[in-house]
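One structure is given below, encoded as C-alpha cells.
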Amino acid sequence: QVLLVESGGGSVQPGGSLRLSCVASGFTFDRYAMNWVRQAPGKGLEWVSTIDSLDSKTTYADSVKGRFTISRDNAKNILYLQMNNLKPEDTAVYYCPRGWPGYDYWGAGTQVIVSS
C-alpha cells in the first residue's frame with residue numbers, strides 16, 4: 001500500500017535550519033508530483049511547495065520563497081524540504097501529500113517548532 005513517512009522535524013531557534021524528509025513506498029515515486037503542506041496550530045492547511053514528477057520543476061508559496069528548497073531523489077524514493085532562516089510563523093506540522101492538483105495520500109506529518 002502507499003506509505004508516506006515524514007521525519008526531520010524538531011525545535012529550532014529563529015534563523016535556524018532543518019531538513020525534512022519524506023520516504024515514499026508502495027507506488028512508482030517518479031511518476032507523481034509531490035508536495036509539502038503545513039498546518040500551524042489552530043489554523044488550516046497551507047500549501048508550501050510542489051515538485052513535478054517529470055522535470056522536477058518547483059514552485060513555492062510566497063511565504064517560504066527564497067528560504068525553503070524542495071527536492072527529490074527518485075532513486076531512493078525520498079522527498080526533501082530544506083528550510084533555512086526559519087521564522088516563528090513556520091511553526092507547524094509538515095506533511096508530504098502525493099499528487100497534483102489533488103492530493104490522494106498523506107503521511108502522519110512531522111512537527112516543526114521555531115521558537116527562541
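Identifiers in the C-alpha cells: chain A, B, ... in order shown; residue index from 1 per chain; ligand index from 1 in order shown.
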Find the residues near Thr58 (chain A): any atom within 9 Å, counting only C-alpha atoms, skip ones fewer than 4 places away on the same chain, and give them as a PDB file with N, CA and C atoms, in the first residue's frame.
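Saved result, out_25.pdb, follows:
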```
ATOM      1  N   SER A  49       4.978  23.899  -1.047  1.00  0.00           N
ATOM      2  CA  SER A  49       5.802  23.726  -2.234  1.00  0.00           C
ATOM      3  C   SER A  49       5.396  22.468  -2.978  1.00  0.00           C
ATOM      4  N   THR A  50       5.664  22.455  -4.278  1.00  0.00           N
ATOM      5  CA  THR A  50       5.416  21.300  -5.141  1.00  0.00           C
ATOM      6  C   THR A  50       6.614  21.065  -6.039  1.00  0.00           C
ATOM      7  N   ILE A  51       6.899  19.795  -6.291  1.00  0.00           N
ATOM      8  CA  ILE A  51       7.928  19.434  -7.266  1.00  0.00           C
ATOM      9  C   ILE A  51       7.319  18.451  -8.262  1.00  0.00           C
ATOM     10  N   ASP A  52       7.476  18.754  -9.551  1.00  0.00           N
ATOM     11  CA  ASP A  52       6.899  17.924 -10.601  1.00  0.00           C
ATOM     12  C   ASP A  52       7.583  16.572 -10.674  1.00  0.00           C
ATOM     13  N   THR A  69      13.744  24.982   0.108  1.00  0.00           N
ATOM     14  CA  THR A  69      14.062  24.320  -1.156  1.00  0.00           C
ATOM     15  C   THR A  69      13.518  22.898  -1.133  1.00  0.00           C
ATOM     16  N   ILE A  70      12.659  22.601  -2.107  1.00  0.00           N
ATOM     17  CA  ILE A  70      12.129  21.249  -2.245  1.00  0.00           C
ATOM     18  C   ILE A  70      12.990  20.491  -3.244  1.00  0.00           C
ATOM     19  N   SER A  71      13.204  19.204  -2.985  1.00  0.00           N
ATOM     20  CA  SER A  71      13.960  18.375  -3.921  1.00  0.00           C
ATOM     21  C   SER A  71      13.516  16.929  -3.762  1.00  0.00           C
TER      22      SER A  71
END
```
Note to self: Report as a count of residues only all protein, DNA and RNA residues lying within 10 Å of Met83 (chain A), evaluated on only C-alpha atoms, omitting residues in the same chain fewer than 5 positions from it.
What the structure shows: 13
Next item on the list: May I have the residues within 10 Å of Ser53 (chain A) as a count of residues only, using only C-alpha atoms and disregarding those fewer than 3 positions away in the same chain?
Entry: 14
Next item on the list: Would you mind reading off the distance between CA of Cys22 (chain A) and CA of Gln111 (chain A), one decimal, in Å?
Entry: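 About the pair CA of Cys22 (chain A) and CA of Gln111 (chain A): they are 12.9 Å apart.
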Margin query: Taking only C-alpha atoms into account, name the residue in A:Val23, A:Leu54, A:Val112, A:Val37 that is nearest to Leu3 (chain A).
Written below: A:Val23
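Nearest residue to Val5 (chain A) among A:Asp104, A:Ala92, A:Asn77, A:Pro41 is A:Asn77, counting only C-alpha atoms.
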Note to self: Given only C-alpha atoms as the basis, pick out the residue of A:Leu45, A:Lys87, A:Tyr80, A:Ala108 nearest to Gly8 (chain A).
What the structure shows: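 Of all the options, A:Tyr80 lies closest to Gly8 (chain A).
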Next item on the list: Enter the distance from CA of Ala40 (chain A) to CA of Pro14 (chain A), in Å, rounded to one decimal.
Entry: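 Result for CA of Ala40 (chain A) versus CA of Pro14 (chain A): 16.0 Å, one decimal.
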Next item on the list: Go through region 24-113 of chain A and collect every residue that DSSP, computed from the backbone, puts in strand (DSSP E); the answer should be as a PyMOL selection string.
Entry: chain A and resi 24-25+34-39+45-51+58-60+68-73+78-83+92-95+110-113
Dump C-alpha atoms for the selected residues as an mmCIF file, in the first residue's frame?
```cif
data_model
loop_
_atom_site.group_PDB
_atom_site.id
_atom_site.type_symbol
_atom_site.label_atom_id
_atom_site.label_comp_id
_atom_site.auth_asym_id
_atom_site.auth_seq_id
_atom_site.Cartn_x
_atom_site.Cartn_y
_atom_site.Cartn_z
ATOM 1 C CA ALA A 24 7.672 7.017 -0.046
ATOM 2 C CA SER A 25 6.776 3.399 -0.708
ATOM 3 C CA MET A 34 4.972 15.609 -4.601
ATOM 4 C CA ASN A 35 4.212 18.410 -2.196
ATOM 5 C CA TRP A 36 4.834 19.884 1.199
ATOM 6 C CA VAL A 37 1.817 21.222 3.031
ATOM 7 C CA ARG A 38 1.760 22.532 6.585
ATOM 8 C CA GLN A 39 -0.745 23.220 9.313
ATOM 9 C CA LEU A 45 -3.760 23.686 5.771
ATOM 10 C CA GLU A 46 -1.264 25.818 3.865
ATOM 11 C CA TRP A 47 0.424 24.682 0.675
ATOM 12 C CA VAL A 48 4.205 25.166 0.898
ATOM 13 C CA SER A 49 5.802 23.726 -2.234
ATOM 14 C CA THR A 50 5.416 21.300 -5.141
ATOM 15 C CA ILE A 51 7.928 19.434 -7.266
ATOM 16 C CA THR A 58 9.490 23.506 -8.376
ATOM 17 C CA THR A 59 7.005 26.069 -7.087
ATOM 18 C CA TYR A 60 6.785 27.758 -3.691
ATOM 19 C CA PHE A 68 12.876 26.741 1.531
ATOM 20 C CA THR A 69 14.062 24.320 -1.156
ATOM 21 C CA ILE A 70 12.129 21.249 -2.245
ATOM 22 C CA SER A 71 13.960 18.375 -3.921
ATOM 23 C CA ARG A 72 13.542 14.691 -4.635
ATOM 24 C CA ASP A 73 15.739 11.621 -5.001
ATOM 25 C CA ILE A 78 12.659 10.358 -0.893
ATOM 26 C CA LEU A 79 11.281 13.879 -0.953
ATOM 27 C CA TYR A 80 13.117 16.642 0.910
ATOM 28 C CA LEU A 81 12.428 20.125 2.195
ATOM 29 C CA GLN A 82 15.440 22.186 3.176
ATOM 30 C CA MET A 83 14.272 25.001 5.416
ATOM 31 C CA ALA A 92 3.523 23.816 12.031
ATOM 32 C CA VAL A 93 3.058 20.151 11.300
ATOM 33 C CA TYR A 94 4.525 19.450 7.859
ATOM 34 C CA TYR A 95 3.023 16.855 5.524
ATOM 35 C CA THR A 110 6.381 15.905 11.323
ATOM 36 C CA GLN A 111 6.295 18.759 13.835
ATOM 37 C CA VAL A 112 8.441 21.858 13.397
ATOM 38 C CA ILE A 113 8.672 24.387 16.218
#
```
Next item on the list: Have a look at CA of Ser7 (chain A) and CA of Ser116 (chain A) and let me know their distance in Å, one decimal.
Entry: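 These two atoms are separated by 21.9 Å.
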Item checked: helix (DSSP H, G or I) positions in chain A, given as a PyMOL selection string -> chain A and resi 29-31+88-90
Dump all heavy atoms for the selected residues as a short mmCIF file (atom, residue, chain, number, x, y, z; two decimals), in the first residue's frame?
```cif
data_model
loop_
_atom_site.label_atom_id
_atom_site.label_comp_id
_atom_site.auth_asym_id
_atom_site.auth_seq_id
_atom_site.Cartn_x
_atom_site.Cartn_y
_atom_site.Cartn_z
N PHE A 29 7.36 6.17 -7.45
CA PHE A 29 7.57 7.53 -6.94
C PHE A 29 7.80 8.54 -8.05
O PHE A 29 7.21 9.64 -8.02
CB PHE A 29 8.77 7.49 -5.98
CG PHE A 29 9.10 8.79 -5.31
CD1 PHE A 29 8.24 9.34 -4.38
CD2 PHE A 29 10.28 9.46 -5.59
CE1 PHE A 29 8.55 10.52 -3.73
CE2 PHE A 29 10.60 10.65 -4.96
CZ PHE A 29 9.73 11.18 -4.03
N ASP A 30 8.61 8.19 -9.04
CA ASP A 30 8.99 9.19 -10.03
C ASP A 30 7.86 9.53 -11.00
O ASP A 30 8.05 10.37 -11.89
CB ASP A 30 10.26 8.78 -10.75
CG ASP A 30 10.13 7.48 -11.52
OD1 ASP A 30 9.01 6.96 -11.63
OD2 ASP A 30 11.16 6.98 -12.02
N ARG A 31 6.71 8.92 -10.86
CA ARG A 31 5.58 9.22 -11.73
C ARG A 31 4.62 10.26 -11.13
O ARG A 31 3.62 10.61 -11.76
CB ARG A 31 4.80 7.95 -12.04
CG ARG A 31 5.57 6.97 -12.91
CD ARG A 31 4.72 5.78 -13.30
NE ARG A 31 5.46 4.82 -14.12
CZ ARG A 31 4.96 3.68 -14.56
NH1 ARG A 31 3.71 3.35 -14.27
NH2 ARG A 31 5.69 2.87 -15.29
N PRO A 88 9.32 32.11 13.45
CA PRO A 88 8.28 31.54 14.33
C PRO A 88 7.00 31.16 13.57
O PRO A 88 6.35 30.17 13.93
CB PRO A 88 8.04 32.66 15.33
CG PRO A 88 9.35 33.38 15.40
CD PRO A 88 9.89 33.35 14.00
N GLU A 89 6.68 31.90 12.54
CA GLU A 89 5.46 31.61 11.78
C GLU A 89 5.59 30.36 10.92
O GLU A 89 4.61 29.93 10.29
CB GLU A 89 5.06 32.80 10.90
CG GLU A 89 6.16 33.35 10.02
CD GLU A 89 6.88 34.54 10.64
OE1 GLU A 89 7.14 34.51 11.88
OE2 GLU A 89 7.17 35.50 9.90
N ASP A 90 6.77 29.76 10.87
CA ASP A 90 6.93 28.47 10.20
C ASP A 90 6.56 27.29 11.10
O ASP A 90 6.53 26.14 10.64
CB ASP A 90 8.37 28.29 9.72
CG ASP A 90 8.78 29.29 8.66
OD1 ASP A 90 7.97 29.56 7.76
OD2 ASP A 90 9.92 29.82 8.75
#
```
